file data00.pdb (PDB, C-alpha atoms and all ligand atoms)
ATOM      1  CA  MET C   1       4.292  38.645   1.326  1.00  0.00           C
ATOM      2  CA  PRO C   2       1.402  38.288  -1.160  1.00  0.00           C
ATOM      3  CA  GLU C   3      -2.173  37.807   0.014  1.00  0.00           C
ATOM      4  CA  PHE C   4      -3.461  34.208  -0.127  1.00  0.00           C
ATOM      5  CA  ALA C   5      -7.022  32.980   0.442  1.00  0.00           C
ATOM      6  CA  THR C   6      -5.499  30.116   2.478  1.00  0.00           C
ATOM      7  CA  PRO C   7      -2.312  31.304   4.214  1.00  0.00           C
ATOM      8  CA  PRO C   8       0.681  29.037   3.396  1.00  0.00           C
ATOM      9  CA  ILE C   9       2.476  27.183   6.190  1.00  0.00           C
ATOM     10  CA  SER C  10       5.793  28.481   7.559  1.00  0.00           C
ATOM     11  CA  PRO C  11       9.188  27.401   6.151  1.00  0.00           C
ATOM     12  CA  PHE C  12      10.737  24.374   7.852  1.00  0.00           C
ATOM     13  CA  ALA C  13      13.384  21.674   7.269  1.00  0.00           C
ATOM     14  CA  ILE C  14      12.625  18.068   6.383  1.00  0.00           C
ATOM     15  CA  GLN C  15      15.249  15.388   7.025  1.00  0.00           C
ATOM     16  CA  PHE C  16      15.228  12.919   4.143  1.00  0.00           C
ATOM     17  CA  ASP C  17      16.990   9.601   4.802  1.00  0.00           C
ATOM     18  CA  ALA C  18      17.137   7.779   1.460  1.00  0.00           C
ATOM     19  CA  GLU C  19      18.675   4.624   2.983  1.00  0.00           C
ATOM     20  CA  ALA C  20      16.022   4.274   5.687  1.00  0.00           C
ATOM     21  CA  ALA C  21      13.332   5.761   3.398  1.00  0.00           C
ATOM     22  CA  THR C  22      12.057   8.175   6.027  1.00  0.00           C
ATOM     23  CA  LEU C  23      10.935  11.791   6.140  1.00  0.00           C
ATOM     24  CA  THR C  24      11.125  13.693   9.439  1.00  0.00           C
ATOM     25  CA  PRO C  25       9.036  15.354  10.814  1.00  0.00           C
ATOM     26  CA  GLU C  26       6.270  12.927   9.982  1.00  0.00           C
ATOM     27  CA  GLY C  27       2.773  13.868   8.930  1.00  0.00           C
ATOM     28  CA  PRO C  28      -0.080  11.410   8.446  1.00  0.00           C
ATOM     29  CA  THR C  29       0.586   7.777   7.453  1.00  0.00           C
ATOM     30  CA  LEU C  30      -1.917   5.959   5.284  1.00  0.00           C
ATOM     31  CA  THR C  31      -2.026   2.148   5.281  1.00  0.00           C
ATOM     32  CA  ARG C  32      -3.795   0.292   2.507  1.00  0.00           C
ATOM     33  CA  ARG C  33      -4.687  -3.348   3.089  1.00  0.00           C
ATOM     34  CA  MET C  34      -5.815  -5.762   0.402  1.00  0.00           C
ATOM     35  CA  SER C  35      -9.486  -5.002   1.178  1.00  0.00           C
ATOM     36  CA  ALA C  36      -8.926  -1.385   0.045  1.00  0.00           C
ATOM     37  CA  LEU C  37      -8.005  -2.606  -3.460  1.00  0.00           C
ATOM     38  CA  ASP C  38     -11.462  -3.854  -4.451  1.00  0.00           C
ATOM     39  CA  GLY C  39     -11.951  -4.049  -8.216  1.00  0.00           C
ATOM     40  CA  LEU C  40      -8.278  -3.500  -9.069  1.00  0.00           C
ATOM     41  CA  PHE C  41      -6.756  -6.977  -9.472  1.00  0.00           C
ATOM     42  CA  LYS C  42      -7.846  -8.863 -12.573  1.00  0.00           C
ATOM     43  CA  ASP C  43      -8.708 -12.040 -10.621  1.00  0.00           C
ATOM     44  CA  HIS C  44     -11.486 -10.937  -8.276  1.00  0.00           C
ATOM     45  CA  ASP C  45     -11.809 -14.370  -6.607  1.00  0.00           C
ATOM     46  CA  ALA C  46      -8.088 -14.438  -5.772  1.00  0.00           C
ATOM     47  CA  TRP C  47      -8.370 -10.901  -4.372  1.00  0.00           C
ATOM     48  CA  GLN C  48     -11.330 -11.972  -2.200  1.00  0.00           C
ATOM     49  CA  GLN C  49      -9.370 -14.996  -0.966  1.00  0.00           C
ATOM     50  CA  ALA C  50      -6.416 -12.762  -0.021  1.00  0.00           C
ATOM     51  CA  VAL C  51      -8.782 -10.512   1.970  1.00  0.00           C
ATOM     52  CA  ALA C  52     -10.218 -13.587   3.742  1.00  0.00           C
ATOM     53  CA  ASP C  53      -6.689 -14.938   4.383  1.00  0.00           C
ATOM     54  CA  GLY C  54      -5.695 -12.113   6.736  1.00  0.00           C
ATOM     55  CA  ASP C  55      -6.187  -9.004   4.617  1.00  0.00           C
ATOM     56  CA  PRO C  56      -2.436  -8.182   4.381  1.00  0.00           C
ATOM     57  CA  VAL C  57      -1.005  -4.669   4.214  1.00  0.00           C
ATOM     58  CA  VAL C  58      -0.163  -4.030   0.537  1.00  0.00           C
ATOM     59  CA  TYR C  59       1.346  -0.562   0.932  1.00  0.00           C
ATOM     60  CA  SER C  60       1.707   2.425   3.202  1.00  0.00           C
ATOM     61  CA  VAL C  61       2.261   6.122   2.501  1.00  0.00           C
ATOM     62  CA  GLN C  62       4.128   8.303   4.984  1.00  0.00           C
ATOM     63  CA  SER C  63       3.707  12.051   4.493  1.00  0.00           C
ATOM     64  CA  THR C  64       5.363  15.159   5.931  1.00  0.00           C
ATOM     65  CA  PRO C  65       3.220  17.842   7.596  1.00  0.00           C
ATOM     66  CA  VAL C  66       2.875  19.835   4.323  1.00  0.00           C
ATOM     67  CA  PRO C  67      -0.891  19.925   3.649  1.00  0.00           C
ATOM     68  CA  GLU C  68      -2.596  18.889   0.410  1.00  0.00           C
ATOM     69  CA  VAL C  69      -3.869  22.352  -0.451  1.00  0.00           C
ATOM     70  CA  ASP C  70      -3.416  24.611  -3.458  1.00  0.00           C
ATOM     71  CA  ARG C  71       0.089  26.051  -3.957  1.00  0.00           C
ATOM     72  CA  GLU C  72       1.751  23.868  -1.280  1.00  0.00           C
ATOM     73  CA  LEU C  73       4.114  21.085  -2.398  1.00  0.00           C
ATOM     74  CA  PRO C  74       3.530  17.910  -0.303  1.00  0.00           C
ATOM     75  CA  GLN C  75       5.919  14.941  -0.246  1.00  0.00           C
ATOM     76  CA  SER C  76       5.437  11.334   0.804  1.00  0.00           C
ATOM     77  CA  ILE C  77       7.224   7.985   0.784  1.00  0.00           C
ATOM     78  CA  THR C  78       5.241   4.976  -0.431  1.00  0.00           C
ATOM     79  CA  SER C  79       6.364   1.455   0.542  1.00  0.00           C
ATOM     80  CA  ILE C  80       4.797  -1.396  -1.424  1.00  0.00           C
ATOM     81  CA  GLU C  81       5.232  -4.904  -0.004  1.00  0.00           C
ATOM     82  CA  ALA C  82       6.439  -7.713  -2.254  1.00  0.00           C
ATOM     83  CA  GLY C  83       3.704 -10.085  -3.381  1.00  0.00           C
ATOM     84  CA  THR C  84       1.385 -11.267  -6.124  1.00  0.00           C
ATOM     85  CA  THR C  85      -2.324 -12.031  -6.361  1.00  0.00           C
ATOM     86  CA  ALA C  86      -3.013 -14.683  -9.011  1.00  0.00           C
ATOM     87  CA  GLY C  87       0.345 -13.757 -10.543  1.00  0.00           C
ATOM     88  CA  GLU C  88      -0.340 -10.004 -10.666  1.00  0.00           C
ATOM     89  CA  PHE C  89       2.246  -7.955  -8.784  1.00  0.00           C
ATOM     90  CA  TRP C  90       1.110  -5.916  -5.803  1.00  0.00           C
ATOM     91  CA  MET C  91       0.565  -2.281  -6.627  1.00  0.00           C
ATOM     92  CA  THR C  92      -0.982   0.994  -5.555  1.00  0.00           C
ATOM     93  CA  LYS C  93      -4.612   1.776  -6.374  1.00  0.00           C
ATOM     94  CA  GLY C  94      -3.551   4.361  -8.941  1.00  0.00           C
ATOM     95  CA  HIS C  95      -5.240   7.679  -9.575  1.00  0.00           C
ATOM     96  CA  GLN C  96      -5.643  10.625 -11.876  1.00  0.00           C
ATOM     97  CA  HIS C  97      -5.091  14.188 -10.668  1.00  0.00           C
ATOM     98  CA  PRO C  98      -8.409  15.885 -11.525  1.00  0.00           C
ATOM     99  CA  ASN C  99      -6.732  19.282 -11.433  1.00  0.00           C
ATOM    100  CA  HIS C 100      -4.158  18.181 -14.025  1.00  0.00           C
ATOM    101  CA  GLN C 101      -0.645  18.805 -12.750  1.00  0.00           C
ATOM    102  CA  GLY C 102       2.713  17.026 -12.983  1.00  0.00           C
ATOM    103  CA  GLU C 103       4.396  14.964 -10.275  1.00  0.00           C
ATOM    104  CA  ILE C 104       7.793  13.323  -9.686  1.00  0.00           C
ATOM    105  CA  TYR C 105       8.707   9.983  -8.101  1.00  0.00           C
ATOM    106  CA  LEU C 106      12.249   9.154  -6.930  1.00  0.00           C
ATOM    107  CA  ALA C 107      12.916   5.427  -6.418  1.00  0.00           C
ATOM    108  CA  LEU C 108      14.706   4.659  -3.139  1.00  0.00           C
ATOM    109  CA  HIS C 109      14.664   0.911  -2.531  1.00  0.00           C
ATOM    110  CA  GLY C 110      13.768  -2.303  -4.330  1.00  0.00           C
ATOM    111  CA  THR C 111      12.581  -2.785  -7.900  1.00  0.00           C
ATOM    112  CA  GLY C 112       9.413  -1.200  -9.152  1.00  0.00           C
ATOM    113  CA  GLY C 113       7.608   0.207 -12.098  1.00  0.00           C
ATOM    114  CA  LEU C 114       5.706   3.393 -12.781  1.00  0.00           C
ATOM    115  CA  LEU C 115       2.698   2.582 -14.949  1.00  0.00           C
ATOM    116  CA  MET C 116       0.988   5.547 -16.634  1.00  0.00           C
ATOM    117  CA  PHE C 117      -2.140   5.676 -18.774  1.00  0.00           C
ATOM    118  CA  ASP C 118      -3.677   8.670 -20.545  1.00  0.00           C
ATOM    119  CA  GLY C 119      -6.863   6.878 -21.565  1.00  0.00           C
ATOM    120  CA  THR C 120      -5.333   5.609 -24.819  1.00  0.00           C
ATOM    121  CA  GLU C 121      -1.605   5.060 -24.449  1.00  0.00           C
ATOM    122  CA  THR C 122       0.258   3.178 -21.714  1.00  0.00           C
ATOM    123  CA  GLN C 123       3.784   4.025 -20.555  1.00  0.00           C
ATOM    124  CA  TRP C 124       6.024   2.063 -18.175  1.00  0.00           C
ATOM    125  CA  ILE C 125       9.167   3.328 -16.470  1.00  0.00           C
ATOM    126  CA  ASP C 126      11.486   0.841 -14.718  1.00  0.00           C
ATOM    127  CA  MET C 127      12.159   2.258 -11.261  1.00  0.00           C
ATOM    128  CA  VAL C 128      15.400   1.391  -9.433  1.00  0.00           C
ATOM    129  CA  PRO C 129      17.084   3.464  -6.703  1.00  0.00           C
ATOM    130  CA  GLY C 130      18.076   6.804  -8.227  1.00  0.00           C
ATOM    131  CA  THR C 131      15.491   6.825 -11.038  1.00  0.00           C
ATOM    132  CA  ILE C 132      13.222   9.860 -11.188  1.00  0.00           C
ATOM    133  CA  GLY C 133       9.985   9.011 -12.944  1.00  0.00           C
ATOM    134  CA  TYR C 134       8.194  12.048 -14.310  1.00  0.00           C
ATOM    135  CA  ILE C 135       4.387  11.987 -14.495  1.00  0.00           C
ATOM    136  CA  PRO C 136       3.119  14.693 -16.855  1.00  0.00           C
ATOM    137  CA  PRO C 137      -0.311  16.298 -16.346  1.00  0.00           C
ATOM    138  CA  GLY C 138      -3.162  14.103 -17.610  1.00  0.00           C
ATOM    139  CA  TRP C 139      -1.539  10.695 -17.053  1.00  0.00           C
ATOM    140  CA  ALA C 140      -3.127   8.399 -14.459  1.00  0.00           C
ATOM    141  CA  HIS C 141      -0.373   6.663 -12.476  1.00  0.00           C
ATOM    142  CA  ARG C 142       0.114   3.466 -10.503  1.00  0.00           C
ATOM    143  CA  SER C 143       3.244   2.025  -8.866  1.00  0.00           C
ATOM    144  CA  VAL C 144       4.010  -1.686  -8.967  1.00  0.00           C
ATOM    145  CA  ASN C 145       6.497  -3.718  -6.918  1.00  0.00           C
ATOM    146  CA  VAL C 146       8.047  -6.189  -9.386  1.00  0.00           C
ATOM    147  CA  GLY C 147      10.793  -7.382  -6.991  1.00  0.00           C
ATOM    148  CA  ALA C 148      11.229  -9.636  -3.969  1.00  0.00           C
ATOM    149  CA  ASP C 149      11.835  -6.766  -1.479  1.00  0.00           C
ATOM    150  CA  PRO C 150       9.655  -3.808  -0.544  1.00  0.00           C
ATOM    151  CA  TYR C 151       9.676  -1.135  -3.260  1.00  0.00           C
ATOM    152  CA  LYS C 152       9.928   2.401  -1.842  1.00  0.00           C
ATOM    153  CA  PHE C 153       9.800   5.787  -3.525  1.00  0.00           C
ATOM    154  CA  LEU C 154       9.530   9.468  -2.716  1.00  0.00           C
ATOM    155  CA  ALA C 155       6.702  11.436  -4.358  1.00  0.00           C
ATOM    156  CA  VAL C 156       6.533  15.237  -4.669  1.00  0.00           C
ATOM    157  CA  TYR C 157       3.324  16.718  -6.043  1.00  0.00           C
ATOM    158  CA  PRO C 158       1.243  19.914  -6.131  1.00  0.00           C
ATOM    159  CA  GLY C 159      -1.050  20.062  -3.103  1.00  0.00           C
ATOM    160  CA  GLY C 160      -4.046  21.221  -5.139  1.00  0.00           C
ATOM    161  CA  ALA C 161      -3.837  18.392  -7.694  1.00  0.00           C
ATOM    162  CA  GLY C 162      -6.508  16.223  -5.998  1.00  0.00           C
ATOM    163  CA  HIS C 163      -6.831  12.421  -6.293  1.00  0.00           C
ATOM    164  CA  ASP C 164      -9.440  10.755  -8.494  1.00  0.00           C
ATOM    165  CA  TYR C 165      -9.505   6.992  -7.846  1.00  0.00           C
ATOM    166  CA  GLY C 166     -12.788   6.463  -9.710  1.00  0.00           C
ATOM    167  CA  TRP C 167     -11.091   7.322 -13.020  1.00  0.00           C
ATOM    168  CA  VAL C 168      -8.904   4.206 -12.759  1.00  0.00           C
ATOM    169  CA  LEU C 169     -11.871   1.978 -11.865  1.00  0.00           C
ATOM    170  CA  GLU C 170     -13.698   3.309 -14.913  1.00  0.00           C
ATOM    171  CA  HIS C 171     -10.878   3.479 -17.481  1.00  0.00           C
ATOM    172  CA  GLY C 172      -8.339   0.954 -16.169  1.00  0.00           C
ATOM    173  CA  MET C 173      -4.578   1.425 -16.543  1.00  0.00           C
ATOM    174  CA  GLY C 174      -4.032  -0.052 -20.021  1.00  0.00           C
ATOM    175  CA  LYS C 175      -1.704  -2.852 -18.833  1.00  0.00           C
ATOM    176  CA  ARG C 176      -1.064  -5.157 -15.846  1.00  0.00           C
ATOM    177  CA  ALA C 177       2.272  -6.469 -14.532  1.00  0.00           C
ATOM    178  CA  TYR C 178       2.553 -10.237 -13.991  1.00  0.00           C
ATOM    179  CA  ALA C 179       5.307 -12.363 -12.475  1.00  0.00           C
ATOM    180  CA  VAL C 180       7.197 -14.585 -14.943  1.00  0.00           C
ATOM    181  CA  THR C 181      10.270 -16.788 -14.416  1.00  0.00           C
ATOM    182  CA  ASP C 182      12.816 -14.067 -15.087  1.00  0.00           C
ATOM    183  CA  GLY C 183      11.012 -11.010 -13.762  1.00  0.00           C
ATOM    184  CA  PHE C 184       7.798  -9.429 -14.962  1.00  0.00           C
ATOM    185  CA  GLU C 185       5.705  -9.126 -18.082  1.00  0.00           C
ATOM    186  CA  LEU C 186       3.142  -6.487 -19.025  1.00  0.00           C
ATOM    187  CA  ARG C 187      -0.137  -7.917 -20.303  1.00  0.00           C
ATOM    188  CA  GLU C 188      -3.279  -6.381 -21.733  1.00  0.00           C
ATOM    189  CA  PHE C 189      -5.585  -4.986 -19.059  1.00  0.00           C
TER     190      PHE C 189
HETATM  191  C1  LIG C 201       0.239  11.362  -4.764  1.00  0.00           C
HETATM  192  C2  LIG C 201       1.254  10.361  -5.221  1.00  0.00           C
HETATM  193  C3  LIG C 201       1.564   9.203  -4.248  1.00  0.00           C
HETATM  194  C4  LIG C 201       0.419   8.179  -4.114  1.00  0.00           C
HETATM  195  C5  LIG C 201       0.855   6.940  -3.332  1.00  0.00           C
HETATM  196  C6  LIG C 201      -0.245   5.914  -3.141  1.00  0.00           C
HETATM  197  O1  LIG C 201      -0.177  12.175  -5.811  1.00  0.00           O
HETATM  198  O2  LIG C 201       0.967   9.885  -6.519  1.00  0.00           O
HETATM  199  O3  LIG C 201       1.913   9.704  -2.996  1.00  0.00           O
HETATM  200  O4  LIG C 201      -0.699   8.758  -3.515  1.00  0.00           O
HETATM  201  O5  LIG C 201       1.917   6.322  -3.997  1.00  0.00           O
HETATM  202  O6  LIG C 201      -0.909   5.626  -4.329  1.00  0.00           O
HETATM  203  P1  LIG C 201      -2.492   5.797  -4.440  1.00  0.00           P
HETATM  204  O7  LIG C 201      -2.802   5.526  -5.869  1.00  0.00           O
HETATM  205  O8  LIG C 201      -3.130   4.850  -3.483  1.00  0.00           O
HETATM  206  O9  LIG C 201      -2.768   7.236  -4.041  1.00  0.00           O
HETATM  207 ZN    ZN C 202      -0.298  11.282  -7.949  1.00  0.00          ZN
END
call {"tool": "encode", "arguments": {"input": "data00.pdb", "output": "C-alpha cells", "more": "lines below"}}
Ligand code: S6P
Ligand code: ZN
result
Amino acid sequence: MPEFATPPISPFAIQFDAEAATLTPEGPTLTRRMSALDGLFKDHDAWQQAVADGDPVVYSVQSTPVPEVDRELPQSITSIEAGTTAGEFWMTKGHQHPNHQGEIYLALHGTGGLLMFDGTETQWIDMVPGTIGYIPPGWAHRSVNVGADPYKFLAVYPGGAGHDYGWVLEHGMGKRAYAVTDGFELREF
C-alpha cells in the first residue's frame, strides 16, 4: 500500500438501481431551491417571483459516502424537476472544475441536455437514458431538464476537481435552453 497524505477510504460495494435512480449506501443529499439559483436565469424578475411563490425545489443531488478529496472517485445522482422560468428550462447552477479534470454523466430517466462552455465555444449533448455525456477538462458544465418528467443522471468525477460556481456567474454558459412548441431551442446567452 503506497503512502498517502490523506489515507483513502476502504473498498466497499455500492448498489446502483438505474430504474429507481438510487445509490446505496447513501452519503449527503444536497437540495437546491429556486432561491439558490440567483443570477442564473435570464429573467431576474421571473426568478424573483418564483422564489416568492413558494421557492420550489429545482434539483437535488444524492451522493455516496465517497468523499470529495484528491484521488477518490465520488459519484452522485442529480434529479432535476420539470419546469420553466419565463420559458427557460430548469437547470443546475453549473460549474467549472478549478483543478481541471474530466467527468462522466450517465442519463437514467427523463429527457435532458448537457450544456458545456469553454469560455468561447458551446457544446450541447442530448441526454436520454443510456447516454454517457463526457465532460473534458476545462469545460464548464450545466444540466438542463428539457422534458415533462424529472431528468435524472449519474455523475462520476475526480474528488479533487473542486467546484467553481463563480466562473459561470462571470462567464455565463454561452447558450440557454428555452421551451418551444415541439421541444426546446438553444438561444444566445
Ligand atoms: C459534480 C457533478 C454533479 C453536479 C450536480 C449539481 O462535479 O458535475 O454532481 O454537482 O449535477 O450541479 P451543480 O452545478 O449545482 O454542482
Ligand atoms: Zn462537475
call {"tool": "residues_near_ligand", "arguments": {"input": "data00.pdb", "ligand": "ligand ZN 202 (chain C)", "cutoff": "8 Å", "atoms": "only C-alpha atoms and all ligand atoms", "output": "list of chain:residue names"}}
result
C:Gly94, C:His95, C:Gln96, C:His97, C:Glu103, C:Ala140, C:His141, C:Ala155, C:Tyr157, C:Ala161, C:His163
call {"tool": "residues_near_ligand", "arguments": {"input": "data00.pdb", "ligand": "ligand LIG 201 (chain C)", "cutoff": "9 Å", "atoms": "all atoms listed in the file", "output": "VMD selection string"}}
result
chain C and resid 30 32 37 59 to 63 74 to 80 91 to 97 103 to 105 135 141 to 143 153 to 159 161 to 165
call {"tool": "resolve_selection", "arguments": {"input": "data00.pdb", "expression": "the PyMOL selection byres (((chain C and resi 49-58) around 7) and not hetatm)", "output": "list in words"}}
result
Thr31, Arg32, Arg33, Met34, Ser35, Asp45, Ala46, Trp47, Gln48, Tyr59, Ile80, Glu81 and Trp90 of chain C
call {"tool": "write_last_selection", "arguments": {"input": "data00.pdb", "atoms": "C-alpha atoms", "output": "compact mmCIF listing (two decimals), in the frame of the given file"}}
result
# COMPACT_ATOMS: atom_id res chain seq x y z
CA THR C 31 -2.03 2.15 5.28
CA ARG C 32 -3.80 0.29 2.51
CA ARG C 33 -4.69 -3.35 3.09
CA MET C 34 -5.82 -5.76 0.40
CA SER C 35 -9.49 -5.00 1.18
CA ASP C 45 -11.81 -14.37 -6.61
CA ALA C 46 -8.09 -14.44 -5.77
CA TRP C 47 -8.37 -10.90 -4.37
CA GLN C 48 -11.33 -11.97 -2.20
CA TYR C 59 1.35 -0.56 0.93
CA ILE C 80 4.80 -1.40 -1.42
CA GLU C 81 5.23 -4.90 0.00
CA TRP C 90 1.11 -5.92 -5.80
call {"tool": "resolve_selection", "arguments": {"input": "data00.pdb", "expression": "the PyMOL selection byres (((chain C and resi 5) around 12) and not hetatm)", "output": "VMD selection string"}}
result
chain C and resid 2 to 4 6 to 8 69 to 71
call {"tool": "atom_distance", "arguments": {"input": "data00.pdb", "atom1": "atom CA of Leu115 of chain C", "atom2": "atom CA of Tyr178 of chain C"}}
result
12.9 Å
call {"tool": "closest_residue", "arguments": {"input": "data00.pdb", "among": "C:Trp167, C:Phe184, C:Phe16, C:Phe89", "to": "Val144 of chain C", "atoms": "all atoms listed in the file"}}
result
C:Phe89
call {"tool": "decode", "arguments": {"input": "data00.pdb", "residues": "segment 45-88 of chain C", "atoms": "C-alpha atoms", "output": "PDB file, in the first residue's frame"}}
result
ATOM      1  CA  ASP C  45     -37.936  39.306 -12.193  1.00  0.00           C
ATOM      2  CA  ALA C  46     -39.480  35.937 -13.089  1.00  0.00           C
ATOM      3  CA  TRP C  47     -36.861  34.197 -10.930  1.00  0.00           C
ATOM      4  CA  GLN C  48     -37.701  36.512  -8.004  1.00  0.00           C
ATOM      5  CA  GLN C  49     -41.415  35.808  -8.474  1.00  0.00           C
ATOM      6  CA  ALA C  50     -40.763  32.043  -8.412  1.00  0.00           C
ATOM      7  CA  VAL C  51     -38.836  32.452  -5.134  1.00  0.00           C
ATOM      8  CA  ALA C  52     -41.739  34.480  -3.678  1.00  0.00           C
ATOM      9  CA  ASP C  53     -44.263  31.894  -4.957  1.00  0.00           C
ATOM     10  CA  GLY C  54     -43.027  29.100  -2.683  1.00  0.00           C
ATOM     11  CA  ASP C  55     -39.358  28.793  -3.601  1.00  0.00           C
ATOM     12  CA  PRO C  56     -39.727  25.331  -5.238  1.00  0.00           C
ATOM     13  CA  VAL C  57     -37.061  22.628  -5.192  1.00  0.00           C
ATOM     14  CA  VAL C  58     -35.353  22.751  -8.613  1.00  0.00           C
ATOM     15  CA  TYR C  59     -32.967  19.832  -8.120  1.00  0.00           C
ATOM     16  CA  SER C  60     -31.360  17.526  -5.609  1.00  0.00           C
ATOM     17  CA  VAL C  61     -28.054  15.646  -5.605  1.00  0.00           C
ATOM     18  CA  GLN C  62     -27.701  12.356  -3.744  1.00  0.00           C
ATOM     19  CA  SER C  63     -24.126  11.216  -3.125  1.00  0.00           C
ATOM     20  CA  THR C  64     -22.500   8.014  -1.870  1.00  0.00           C
ATOM     21  CA  PRO C  65     -20.141   8.143   1.127  1.00  0.00           C
ATOM     22  CA  VAL C  66     -17.043   8.552  -1.117  1.00  0.00           C
ATOM     23  CA  PRO C  67     -15.526  11.901  -0.056  1.00  0.00           C
ATOM     24  CA  GLU C  68     -14.645  14.780  -2.381  1.00  0.00           C
ATOM     25  CA  VAL C  69     -10.909  14.596  -1.782  1.00  0.00           C
ATOM     26  CA  ASP C  70      -7.931  14.132  -4.077  1.00  0.00           C
ATOM     27  CA  ARG C  71      -7.585  10.687  -5.695  1.00  0.00           C
ATOM     28  CA  GLU C  72     -11.031   9.429  -4.584  1.00  0.00           C
ATOM     29  CA  LEU C  73     -13.757   8.992  -7.222  1.00  0.00           C
ATOM     30  CA  PRO C  74     -17.137  10.245  -5.877  1.00  0.00           C
ATOM     31  CA  GLN C  75     -20.484   9.512  -7.546  1.00  0.00           C
ATOM     32  CA  SER C  76     -23.869  11.185  -7.254  1.00  0.00           C
ATOM     33  CA  ILE C  77     -27.328  11.151  -8.818  1.00  0.00           C
ATOM     34  CA  THR C  78     -28.853  14.518  -9.713  1.00  0.00           C
ATOM     35  CA  SER C  79     -32.636  14.820 -10.164  1.00  0.00           C
ATOM     36  CA  ILE C  80     -33.863  17.993 -11.858  1.00  0.00           C
ATOM     37  CA  GLU C  81     -37.592  18.736 -11.619  1.00  0.00           C
ATOM     38  CA  ALA C  82     -39.542  19.631 -14.750  1.00  0.00           C
ATOM     39  CA  GLY C  83     -40.312  23.327 -15.098  1.00  0.00           C
ATOM     40  CA  THR C  84     -39.556  26.639 -16.758  1.00  0.00           C
ATOM     41  CA  THR C  85     -38.967  30.183 -15.539  1.00  0.00           C
ATOM     42  CA  ALA C  86     -40.034  32.733 -18.163  1.00  0.00           C
ATOM     43  CA  GLY C  87     -39.691  29.951 -20.736  1.00  0.00           C
ATOM     44  CA  GLU C  88     -36.170  28.920 -19.681  1.00  0.00           C
TER      45      GLU C  88
END
